[in-house]
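All remarks here apply to the structure that follows.
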Amino acid sequence: MKEYSSIWISYNLQFFAKDGPGGEKTEEPTSKKLNDARKDGKVAKSKELTAAFELITLFLVLKIFTSFIYNGFLTSFQFVYTRIPEFLESNAKEMSSFAMSSFLFTIIVESFKIVLPFFVFGFTICFLANVLQFGFKATSKPLQPKPDKFNPINGFKRILSKESFFELIKSIAKLGVIAYVAYISVRKNSDELFVLYDIPLMQAIILCGQVIVDAGLKIALVYLIVGIADFIYQKHKFHEEMKMTKQEVKDEYKNTEGNPEIKGRQRQRMREASRRRMMQDVPTADVVITNPTHLAVALKYDAEISKAPIVVAKGEDFLAMKIREAAKEHHIEIVENKPLARMLYANVDIGQEIPPELYQAVAEVLAMVYNLKNT
């Protein structure tokens, strides 16, 4: 008879689950996960949309500040070329360092004045475009160095990833659309561009500027449409990435709210402690009103402490039995009154006074009890 040896292979079923441990990401992201991702600098944003706004701003500034930029360049050239004869006539040794530094400083200041509108409007629009996409929250975590970013293997994985391939296709399509729009815009003004050699220099410069700005604005508007589409895609992609598995939701709940089993045991201990305190107060009661077996409510009345009788203990089934046993042990009257017992048990918590609508019924019970004690 052949003998077969059994071979046991240990395996983890989670390897067969989609999206790693915990199974498929089917649960909506919690607010905690979104907040943690935001603190880490992970948000849904589109670089294309920001670049589109920057392009529109660039060409609008060129169109609005054309005269300002022209006058700035003209002033700078005049200043430089009027000083050239002075430098040629003077000896290099005779030229002081102060004069040279003053000359260079003036050129820098004039150049800065020319580009100032681009800096101001460019920074403002870039800031607003990002704020409109994901709000404002300063964080330094994206700037912190991460060892895995310096790993060449991870770098090759990012280069050869599906996301990189998608970005490459998107960039090629984007360049194709932009090139087509630029070609259409320039071809529309081709007749005017062929006469550049026959018109004065200033008119030629103005004409070229108009063609460039008009073509740039059209390209920027097309780019804006691309940016909006990319932003919608990035929002969807980010939402899918933030989705959680059922196990992740459970783990997060345990970490934030505490382990349900531990909290259950804590609640059980609190209930037991509350019951012990309640049972200690049963001997101080004046009467116990029962259902007669399912419910039991112990009442105490002290005119110096409260205006109305107070429920010092209540319970049902097993606890009601314990209250009745404690009442018998300490010679406390037990009165059977089913409607009153149900009303007290359902509407009055332990330590609270009875409501005014029960004054008459409870007063009759207490009067009976006091008469029994006095006889």
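By convention in this document, the chains of the structure tokens carry letters A, B, ... by their order, each chain's residues are numbered from 1, and ligands are numbered from 1 in the order they are shown.
For A:Ile332, the residues within 12 Å (counting only C-alpha atoms, excluding itself and residues fewer than 5 positions away along the chain) are Val282, Pro283, Thr284, Ala285, Asp286, Val287, Val288, Ile289, Ala298, Leu299, Lys300, Ile323, Arg324, Glu325, Ala326, Ala327, Leu366, Val369, Tyr370, Leu372 and Lys373 of chain A.
The space between atom CA of A:Val311 and atom CA of A:Tyr345 spans 9.1 Å.
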_Every residue of stretch 179-264 of chain A that DSSP places in alpha helix (DSSP H), as a ChimeraX atom specification_ = /A:179-188,190-193,201-242,246-257,260-264
*atom CA of A:Ile107 and atom CA of A:Gly216, how far apart in Å?*
29.0 Å
*asked:* Quick check, in Å to one decimal: how far apart do atom CA of A:Gln280 and atom CA of A:Glu333 lie?
replied: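 Separation of atom CA of A:Gln280 and atom CA of A:Glu333: 16.7 Å.
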*asked:* Here is a test: counting only C-alpha atoms, which residue of A:Thr26, A:Leu221, A:Arg83, A:Lys162 is nearest to A:Ala52?
replied: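 Under the stated criterion, the closest residue is A:Leu221.
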